[in-house]
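The structure under discussion appears below in the form of structure tokens.
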Amino acid sequence: MKKTIIALSTILMASSAFAATTHATDETVANAQAGANTAKEKLHQAQNEGKEQQLKAKHAAEGKSDSMTSKASEGTQKAWNKTKEGSEKGWDATKEGTQKGWNKTKEGASDLKKKVTE
């Protein structure tokens, strides 16, 4: 249920972000993207927590929860999830930086075009 609510919140935030971009300023777009990124991060954190809990439950059901192998497996799962989250944050930052650069390039070209036509 919690995952469903988070997923729906993400969709609503993302859809409002897309609607806002049609007539929005760059600042509004950046704020909407930040909100969508935050929602996406929280969704993925909840999903990762669920995976980690499933793995712990599986080990407990098998009677291996205290074994070195299960502890190593759980640690590896947690590290992998952190790596994925970090990569995703980096990718989002790269996309946003690229978008900002593209917007500045378009504005510069538009300004240059105005100067040439005057």
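Identifiers in the structure tokens: chain A, B, ... in order shown; residue index from 1 per chain; ligand index from 1 in order shown.
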Spatial neighbours of Gln99 in chain A, max dist 12 Å, only C-alpha atoms, sep filter under 6 positions, as a PDB file with C-alpha atoms, in the first residue's frame:
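Done, and the output landed in selection_23.pdb:
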```pdb
ATOM      1  CA  ASP A  26      13.430  27.837 -16.035  1.00  0.00           C
ATOM      2  CA  VAL A  29      10.981  23.745 -14.280  1.00  0.00           C
ATOM      3  CA  ALA A  30      14.019  23.241 -12.040  1.00  0.00           C
ATOM      4  CA  GLN A  33      12.353  18.449 -11.582  1.00  0.00           C
ATOM      5  CA  ASP A  92      19.642  13.152 -12.860  1.00  0.00           C
ATOM      6  CA  ALA A  93      22.132  15.933 -12.137  1.00  0.00           C
ATOM      7  CA  THR A 105      22.263  28.067 -25.802  1.00  0.00           C
ATOM      8  CA  LYS A 106      18.752  28.572 -27.190  1.00  0.00           C
TER       9      LYS A 106
END
```
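Between CA of Ser65 in chain A and CA of Lys42 in chain A the separation is 27.3 Å.
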| field | Residues within 9 Å of range 45-59 of chain A, only C-alpha atoms, excluding chain neighbours under 6 positions, as a PyMOL selection string | value | chain A and resi 2-3+6+65-67+70-71+73-74+77-78+81-82+85
| said: Env of Asn37 in chain A: 10 Å cut, atoms = only C-alpha atoms, seq-sep filter 2 positions within chain, self excluded. Answer as number ranges by chain. | reply: A: 10, 13-14, 31-35, 39-43, 88-89, 92-93
| Expressed in Å to a single decimal, how great is the separation between CA of Lys104 in chain A and CA of Val116 in chain A? | 18.2 Å
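Pairwise distance (CA of Glu96 in chain A, CA of His44 in chain A) equals 19.3 Å.
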